[in-house]
Each structure stands twice: as C-alpha cells, then as structure tokens.
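Right, one structure below, let's go through it.
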Amino acid sequence: MVDKRHWDKLNLDTSMLGFGCMRFPVKENGDIDEEKAEAMIDKAYANGVNYYDTAYLYHNGQSEPAIGKFLRKYPRESFYIATKLPVMILKDSREKAQEIFDEQMSRLGLGYIDFYLLHGLNKVSFETVKKLGLIEFCEKLRSEGRIRYIGFSFHDSYEVFEEILRCYDWDFCQIQLNYMDVGEQAGMKGYELTKSLGIPLVIMEPAKGGSLSVLPEEASTVLKKLDPGASDTSWAMRWIGSLDNVKVVLSGMTEMAHLDDNLKTFTNFRPLSEKELAAIEEVRAAFARRVKNGCTTCRYCMPCPAGVDIPGNFLIWNKYAMYRNNRELMMAWGGMGPFAMKDEAKAKNCVECGACEEKCPQQLSIREDLKKVQSELDEIVASLKR
C-alpha cells in the first residue's frame, strides 16, 4: 500500500500519490478509453491511492464524468475527490460559477466534493476572484455541505503567489514544483511560505510534464550509478516527496506502466539522501549545459522597437534545447496552446536595429541568435506537423 501523509491543518490523511485525471488513456477519436482508465483507477485504489484530481475542463469535459463513474462503486468516505472551478471562463458572471458547479456535481455524482480549487490563478484571474466574490461563493458551498475544503491552483510569479496566499486562510493550495523549477512560478520560495503559514501543499507537474521522465543520457547516467533499477521519473517523485509540507504528489498517468512505477516509488517511500540530492544537482547542471544562450530573462533588452518578445523567444528556444519536449514546443511556438507566442512577437520581426545588444548585460549576440531561434524552431515544428 502507498504511504500516506497527515494534514495537521485539516486532520486527515491522504495517499502521497495522487491520481491526476488530466491524462487518461484515449481512443483514436480523442475520447477517454474508459476500460483502460477504469482498470488503472481500480489498481490505484486497491493499492491505497485515495486522492483523485480532476477539473471541469480536463479531457474536454469528459474527465469529471469518467472519474465519478469509476469511483461510485467504492464507499464514498474511502477516497477524496478534488476538482476545480474554471475562473478563466467565468468573465463577469457569478451566476455562471453556480451553473458550472451544479454541472460538476451532476457529472461526478458523488454527493459532495472534498477539495474544491479556484483553477489556475494568476494576476488576471485573481482580479476575477475578487470582483465576483468567488471565495465567498466557495464558503457558501462549504456551509451547505457541498464542498469540504477550499483551495486554489496557481500559475504565475512568486509575488502574485504571495499576494494570493496571504489574502485568505486557505485550507490548501496546489502549485507546480519539481527539481528543475525551483526558481520558477511559486518555486521553492513559495513552498517555504506555505510551510511557514501552515498551508498544506498538493504538487502538480512533479516530472515537468514528462520532461524529467526520460532524461538525456548524460543526466540519466548520474542517477543510474546510484540506483541502476530506478526510473528517471522515480527520482523526480522522490525529490518532491522529500519535502514534508507536500501532502499529495499528483501524477497524470496514461499507461498502467506509469502507475506501476509510481506505486513502487510511493510504497515504503524513501526520502532522498544527501548523496542522492547531490546527484540531482549534477542532473540540473547537465541540463544547464544544453541551453543555447545565456539569456537570464532580465528584460533589460525590452521593449523592442519592432515588438519582438526577445526574452520570450529565447526562453522557448532554451527550454526546448534542455528538455526536447515536443508537446511543450507545439504549445508555445506551434500555436496549439492558449499562451502560445504571438506571431507579431516572434523573432522573425527583428529589424536588426541593435538597440537590444547595447542594453544586454550578458553581451549576447541577440540579432544573430534571433535568426537561429526562428529558423530552428520553425523547422522542428514543421517536422512535427508532418
């Protein structure tokens, strides 16, 4: 059985491994393959996994009905269900929030929701939360017994995270964190803040969307020397699970093999030793050596007279060089994601005025590098589309 963690703030126990319901196996038409997905849920449940995380938007609205169907055969008090209110689509309507919540209750068919999150908060969506009184809306739902705990998931800078975290006595929150993202978004600074405030943490993207599941050889070799039989994913999971204020580590599992590996990691869980933590530092260094240029995203080069998002272009370029994550590249450069680089901000719009190079503290050859960004990323995206 997988290990559990105690939540002092809420006086409950959850499995360290949480089942993320965003990456269920799918059929050729994109629908969830319910037979395969249910078999994974059944095995997870049998091995003590009691935290299941879904959202209104996952799998184009199919995730909530599916996980509700899979779990209804089990005693309701034996598991926790988490889902999320999609703040980003509410616009100016609190009535829409109520409609969506009622639909979620119907989709799940589980009587109540244990962990209810305001989904993907950032600086803009937090203004919507305040304008529509969504925290008060959640408090009302809790007073009616329809939800039990109020939290939020987060994607923005540490400064925004601190503002949101301190504005309310949250029951819990959910952030992206892994051994490569210690300085991004909320990061380790955000982790320490939650610990100091006694707010329990649920972690998403512990393997950075799969980027830490298949490491480049030079990085993987470092870890194989210490434990030849351990998967790259297990190292990422053990790193995040070694942080004591992390109560649940979410994993979006698509294949039974993913579940088997995670069950192995979180059964008789072993925090990383000092020697193993040092090995992770070597892996970080190996990734750092793969970057294309030394852009620190300080933004001294901005604004660009031609409208090019110079640090944004270099960030996508460097991240792809580090992780070779095709899915992320298609979302960021190929126009397949909501936060994709806008065409007018791409490197191709550079007029080679040189103003950026005069201000760059790293003395980068920005004009030449922008040419490389455009040609290299365009070529990769074109090959992925073929």
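FYI, nothing fancy with the structure tokens labels: chains A, B, ... in order, residues from 1 per chain, ligands from 1 as they appear.
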| message | What's around Ala279 in chain A at 12 Å? Count only C-alpha atoms, leave out sequence neighbours fewer than 2 positions away in its own chain, and write the answer as an MDAnalysis selection string. | response | chainID A and resid 179 218:227 235:236 239 272:277 281:286
| task | Identify, on the basis of only C-alpha atoms, every residue whose closest approach to Leu165 in chain A does not exceed 10 Å; exclude the query and any residue fewer than 5 positions from it along the same chain; express the result as a ChimeraX atom specification. | result | /A:151-152,159-160,170,172-173,190,193-194,197,199
Serialized selection, N, CA and C atoms, as an mmCIF file, in the first residue's frame:
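So out-v5.cif came out as:
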data_model
loop_
_atom_site.group_PDB
_atom_site.id
_atom_site.type_symbol
_atom_site.label_atom_id
_atom_site.label_comp_id
_atom_site.auth_asym_id
_atom_site.auth_seq_id
_atom_site.Cartn_x
_atom_site.Cartn_y
_atom_site.Cartn_z
ATOM 1 N N GLY A 151 -9.405 25.717 -1.800
ATOM 2 C CA GLY A 151 -8.021 25.980 -2.169
ATOM 3 C C GLY A 151 -7.929 26.598 -3.547
ATOM 4 N N PHE A 152 -6.729 26.636 -4.096
ATOM 5 C CA PHE A 152 -6.524 27.162 -5.441
ATOM 6 C C PHE A 152 -5.308 26.494 -6.062
ATOM 7 N N GLU A 159 5.599 36.652 -6.585
ATOM 8 C CA GLU A 159 4.972 37.829 -5.980
ATOM 9 C C GLU A 159 3.455 37.719 -5.995
ATOM 10 N N VAL A 160 2.915 37.243 -7.109
ATOM 11 C CA VAL A 160 1.466 37.056 -7.201
ATOM 12 C C VAL A 160 1.025 35.936 -6.265
ATOM 13 N N TRP A 170 -6.511 29.815 3.490
ATOM 14 C CA TRP A 170 -6.780 28.694 2.608
ATOM 15 C C TRP A 170 -6.620 27.361 3.339
ATOM 16 N N PHE A 172 -5.773 24.667 1.687
ATOM 17 C CA PHE A 172 -4.664 24.033 0.973
ATOM 18 C C PHE A 172 -4.426 24.815 -0.314
ATOM 19 N N CYS A 173 -3.343 24.515 -1.003
ATOM 20 C CA CYS A 173 -3.149 25.057 -2.345
ATOM 21 C C CYS A 173 -2.325 24.086 -3.173
ATOM 22 N N GLY A 190 8.017 29.827 -2.674
ATOM 23 C CA GLY A 190 6.596 29.645 -2.386
ATOM 24 C C GLY A 190 6.353 28.456 -1.478
ATOM 25 N N LEU A 193 7.027 29.473 2.004
ATOM 26 C CA LEU A 193 5.963 30.338 2.523
ATOM 27 C C LEU A 193 4.767 29.510 2.978
ATOM 28 N N THR A 194 4.370 28.521 2.185
ATOM 29 C CA THR A 194 3.238 27.670 2.604
ATOM 30 C C THR A 194 3.563 26.946 3.905
ATOM 31 N N LEU A 197 3.248 29.263 6.867
ATOM 32 C CA LEU A 197 1.861 29.629 7.155
ATOM 33 C C LEU A 197 0.991 28.423 7.509
ATOM 34 N N ILE A 199 -0.002 25.978 5.528
ATOM 35 C CA ILE A 199 -0.961 25.648 4.460
ATOM 36 C C ILE A 199 -0.458 24.418 3.701
#
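Using only C-alpha atoms, the residues found no farther than 9 Å from Ile164 in chain A, other than those of its own chain fewer than 3 positions away, are Leu121, Asn122, Lys123, Phe126, Glu159, Val160, Phe161, Cys167 and Tyr168 of chain A.
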| Coordinates-based distance that separates CA of Glu184 in chain A from CA of Cys350 in chain A (Å, one decimal) |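 Computed distance, CA of Cys350 in chain A to CA of Glu184 in chain A, equals 27.4 Å.
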| request: Excluding range 245-249 of chain A and any residue of its chain fewer than 3 positions from it, enumerate the residues within 10 Å of it, using only C-alpha atoms, and give them as a ChimeraX atom specification. | output: /A:4-7,13-20,51,172,174,177,191-192,194-196,198-206,237-238,240-242,266
| DSSP-assigned strand (DSSP E) members of range 6-176 of chain A, reported as an MDAnalysis selection string | chainID A and resid 6:7 12:15 17:20 51:53 80:85 113:121 147:154 173:176
Residues of the last selection are to be written out with C-alpha atoms, as a PDB file, in the first residue's frame.
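Just written: part35.pdb:
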ATOM      1  CA  HIS A   6      -1.131  13.583   7.602  1.00  0.00           C
ATOM      2  CA  TRP A   7      -2.621  17.068   7.159  1.00  0.00           C
ATOM      3  CA  LEU A  12      -6.941  13.947   7.597  1.00  0.00           C
ATOM      4  CA  ASP A  13      -4.646  11.522   5.791  1.00  0.00           C
ATOM      5  CA  THR A  14      -4.110  11.280   2.049  1.00  0.00           C
ATOM      6  CA  SER A  15      -2.014   8.986  -0.073  1.00  0.00           C
ATOM      7  CA  LEU A  17       0.496   9.624  -4.661  1.00  0.00           C
ATOM      8  CA  GLY A  18      -2.494  11.396  -6.128  1.00  0.00           C
ATOM      9  CA  PHE A  19      -4.086  10.288  -9.392  1.00  0.00           C
ATOM     10  CA  GLY A  20      -4.213  13.214 -11.814  1.00  0.00           C
ATOM     11  CA  TYR A  51      -6.783  11.273  -3.760  1.00  0.00           C
ATOM     12  CA  TYR A  52      -8.176  11.840  -7.271  1.00  0.00           C
ATOM     13  CA  ASP A  53      -7.740  15.201  -9.005  1.00  0.00           C
ATOM     14  CA  TYR A  80     -11.109  12.184  -1.717  1.00  0.00           C
ATOM     15  CA  ILE A  81     -12.148  13.906  -4.935  1.00  0.00           C
ATOM     16  CA  ALA A  82     -10.663  17.242  -5.989  1.00  0.00           C
ATOM     17  CA  THR A  83     -11.972  19.362  -8.833  1.00  0.00           C
ATOM     18  CA  LYS A  84     -11.711  22.956  -9.933  1.00  0.00           C
ATOM     19  CA  LEU A  85     -13.807  25.990 -10.813  1.00  0.00           C
ATOM     20  CA  ILE A 113     -16.629  17.460  -3.400  1.00  0.00           C
ATOM     21  CA  ASP A 114     -13.798  17.153  -0.900  1.00  0.00           C
ATOM     22  CA  PHE A 115     -11.221  19.592  -2.291  1.00  0.00           C
ATOM     23  CA  TYR A 116     -12.547  22.472  -4.410  1.00  0.00           C
ATOM     24  CA  LEU A 117      -9.993  24.685  -6.122  1.00  0.00           C
ATOM     25  CA  LEU A 118     -10.123  28.004  -7.927  1.00  0.00           C
ATOM     26  CA  HIS A 119      -8.386  26.843 -11.087  1.00  0.00           C
ATOM     27  CA  GLY A 120      -5.077  28.200 -12.396  1.00  0.00           C
ATOM     28  CA  LEU A 121      -4.986  31.522 -10.566  1.00  0.00           C
ATOM     29  CA  ILE A 147     -17.691  21.034  -0.665  1.00  0.00           C
ATOM     30  CA  ARG A 148     -15.354  20.464   2.273  1.00  0.00           C
ATOM     31  CA  TYR A 149     -12.086  22.316   1.669  1.00  0.00           C
ATOM     32  CA  ILE A 150     -11.259  25.493  -0.262  1.00  0.00           C
ATOM     33  CA  GLY A 151      -8.021  25.980  -2.169  1.00  0.00           C
ATOM     34  CA  PHE A 152      -6.524  27.162  -5.441  1.00  0.00           C
ATOM     35  CA  SER A 153      -4.099  26.036  -8.107  1.00  0.00           C
ATOM     36  CA  PHE A 154      -1.561  28.510  -9.378  1.00  0.00           C
ATOM     37  CA  CYS A 173      -3.149  25.057  -2.345  1.00  0.00           C
ATOM     38  CA  GLN A 174      -1.679  23.418  -5.428  1.00  0.00           C
ATOM     39  CA  ILE A 175       1.473  24.526  -7.220  1.00  0.00           C
ATOM     40  CA  GLN A 176       3.808  23.329  -9.944  1.00  0.00           C
TER      41      GLN A 176
END
| note | Pairwise distance, CA of Gly334 in chain A with CA of Lys346 in chain A, equals 11.4 Å
| said: At a cut-off of 9 Å, using only C-alpha atoms, what residues contact range 41-46 of chain A? Leave out same-chain residues fewer than 4 positions from it and give the result as number ranges by chain. | reply: A: 1, 19, 36-37, 50, 67, 70-71, 79, 256, 259-260, 263
So that I have them on file, write out the residues from the current selection with C-alpha atoms, as a compact mmCIF listing (two decimals), in the first residue's frame.
# COMPACT_ATOMS: atom_id res chain seq x y z
CA MET A 1 0.00 0.00 0.00
CA PHE A 19 -4.09 10.29 -9.39
CA LYS A 36 -8.20 1.13 -19.68
CA ALA A 37 -8.71 4.17 -17.45
CA ASN A 50 -7.23 7.84 -2.09
CA ILE A 67 -13.77 9.57 -12.63
CA PHE A 70 -15.15 4.87 -11.78
CA LEU A 71 -15.30 5.80 -8.09
CA PHE A 79 -11.48 8.46 -1.09
CA MET A 256 -0.51 1.04 -16.47
CA LEU A 259 1.02 3.65 -12.38
CA ASP A 260 3.13 0.60 -11.53
CA LEU A 263 3.16 2.68 -6.82
| task | Can you pull out every residue within 9 Å of Asp369 in chain A, counting only C-alpha atoms, but drop anything in the same chain fewer than 4 positions away, and send it as an MDAnalysis selection string? | result | chainID A and resid 292:293 314 347 364:365 373:374
Store the residues picked out above, limited to C-alpha atoms, as an mmCIF file, in the first residue's frame.
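Written out: again36.cif:
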data_model
loop_
_atom_site.group_PDB
_atom_site.id
_atom_site.type_symbol
_atom_site.label_atom_id
_atom_site.label_comp_id
_atom_site.auth_asym_id
_atom_site.auth_seq_id
_atom_site.Cartn_x
_atom_site.Cartn_y
_atom_site.Cartn_z
ATOM 1 C CA LYS A 292 21.523 27.702 -26.477
ATOM 2 C CA ASN A 293 22.491 31.058 -24.989
ATOM 3 C CA PHE A 314 14.993 32.782 -26.020
ATOM 4 C CA ALA A 347 11.997 36.569 -33.719
ATOM 5 C CA LEU A 364 24.633 38.328 -26.137
ATOM 6 C CA SER A 365 24.621 38.357 -29.944
ATOM 7 C CA VAL A 373 15.533 30.842 -32.953
ATOM 8 C CA GLN A 374 13.162 31.416 -35.863
#
With only C-alpha atoms counted and 8 Å as the cut-off, give the residues of range 254-305 of chain A in contact with range 309-312 of chain A, each with its shortest interatomic distance in Å and the pair that gives it, as a Markdown table.
| residue | atom | partner | partner_atom | distance |
| --- | --- | --- | --- | --- |
| A:Cys295 | CA | A:Pro311 | CA | 7.0 |
| A:Thr296 | CA | A:Pro311 | CA | 7.9 |
| A:Thr297 | CA | A:Pro311 | CA | 5.1 |
| A:Cys298 | CA | A:Pro311 | CA | 7.8 |
| A:Arg299 | CA | A:Pro311 | CA | 6.4 |
| A:Cys301 | CA | A:Ile310 | CA | 7.4 |
| A:Met302 | CA | A:Ile310 | CA | 7.4 |
| A:Pro303 | CA | A:Asp309 | CA | 7.9 |
| A:Cys304 | CA | A:Asp309 | CA | 7.1 |
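The shell of residues at most 9 Å from Leu110 in chain A, with only C-alpha atoms counted and near chain neighbours (fewer than 4 positions) removed, consists of Gly68, Lys69, Leu71, Arg72, Arg76, Ile81, Met105 and Ser106 of chain A.
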| message | Which residue is closest to Asp232 in chain A? Choose from A:Val124, A:Met330, A:Ile32, A:Leu215 and count only C-alpha atoms. | response |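 The closest residue to Asp232 in chain A is A:Leu215.
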| Which is closest to Tyr323 in chain A among A:Leu212, A:Ala340, A:Leu243, A:Ile380, if we use only C-alpha atoms? | A:Leu212
| Mind checking DSSP for range 170-290 of chain A and telling me the helix (DSSP H, G or I) residues as a PyMOL selection string? | chain A and resi 187-197+208-210+217-224+232-241+256-266+274-288
Write the residues of the selection above to a file with C-alpha atoms, as a tab-separated table (two decimals), in the first residue's frame.
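Dumped to selection_32.tsv:
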chain	number	residue	atom	x	y	z
A	187	GLY	CA	9.05	27.82	-6.68
A	188	MET	CA	10.86	26.80	-3.52
A	189	LYS	CA	10.32	30.27	-2.11
A	190	GLY	CA	6.60	29.64	-2.39
A	191	TYR	CA	6.99	26.21	-0.82
A	192	GLU	CA	8.72	27.74	2.21
A	193	LEU	CA	5.96	30.34	2.52
A	194	THR	CA	3.24	27.67	2.60
A	195	LYS	CA	5.20	25.79	5.24
A	196	SER	CA	5.60	28.88	7.41
A	197	LEU	CA	1.86	29.63	7.16
A	208	LYS	CA	7.70	18.62	-15.51
A	209	GLY	CA	5.11	17.28	-17.94
A	210	GLY	CA	7.25	14.24	-18.67
A	217	GLU	CA	21.96	10.26	-21.31
A	218	GLU	CA	24.48	12.50	-19.57
A	219	ALA	CA	21.91	13.29	-16.87
A	220	SER	CA	20.42	9.82	-16.55
A	221	THR	CA	23.86	8.24	-16.18
A	222	VAL	CA	24.46	10.23	-12.99
A	223	LEU	CA	21.38	8.67	-11.40
A	224	LYS	CA	21.90	5.17	-12.79
A	232	ASP	CA	14.07	8.71	-14.13
A	233	THR	CA	10.50	9.50	-13.05
A	234	SER	CA	11.02	7.93	-9.64
A	235	TRP	CA	13.87	10.35	-8.90
A	236	ALA	CA	11.61	13.32	-9.66
A	237	MET	CA	8.87	11.87	-7.46
A	238	ARG	CA	11.26	11.16	-4.57
A	239	TRP	CA	12.70	14.68	-4.78
A	240	ILE	CA	9.31	16.34	-4.38
A	241	GLY	CA	8.10	13.75	-1.85
A	256	MET	CA	-0.51	1.04	-16.47
A	257	ALA	CA	3.30	1.05	-16.51
A	258	HIS	CA	3.26	4.66	-15.27
A	259	LEU	CA	1.02	3.65	-12.38
A	260	ASP	CA	3.13	0.60	-11.53
A	261	ASP	CA	6.28	2.71	-11.36
A	262	ASN	CA	4.62	5.33	-9.14
A	263	LEU	CA	3.16	2.68	-6.82
A	264	LYS	CA	6.64	1.25	-6.41
A	265	THR	CA	8.06	4.69	-5.59
A	266	PHE	CA	5.42	5.62	-3.01
A	274	GLU	CA	22.33	13.80	0.93
A	275	LYS	CA	24.28	11.81	-1.67
A	276	GLU	CA	21.18	11.47	-3.83
A	277	LEU	CA	20.37	15.17	-3.51
A	278	ALA	CA	23.90	15.92	-4.72
A	279	ALA	CA	23.24	13.71	-7.75
A	280	ILE	CA	20.13	15.74	-8.54
A	281	GLU	CA	22.32	18.85	-8.52
A	282	GLU	CA	24.53	17.16	-11.13
A	283	VAL	CA	21.45	16.50	-13.24
A	284	ARG	CA	20.49	20.18	-13.03
A	285	ALA	CA	23.98	21.11	-14.19
A	286	ALA	CA	23.75	18.66	-17.09
A	287	PHE	CA	20.52	20.31	-18.24
A	288	ALA	CA	22.03	23.78	-17.87
| field | Separation of CA of Pro86 in chain A from CA of Glu162 in chain A in Å | value | 20.9 Å
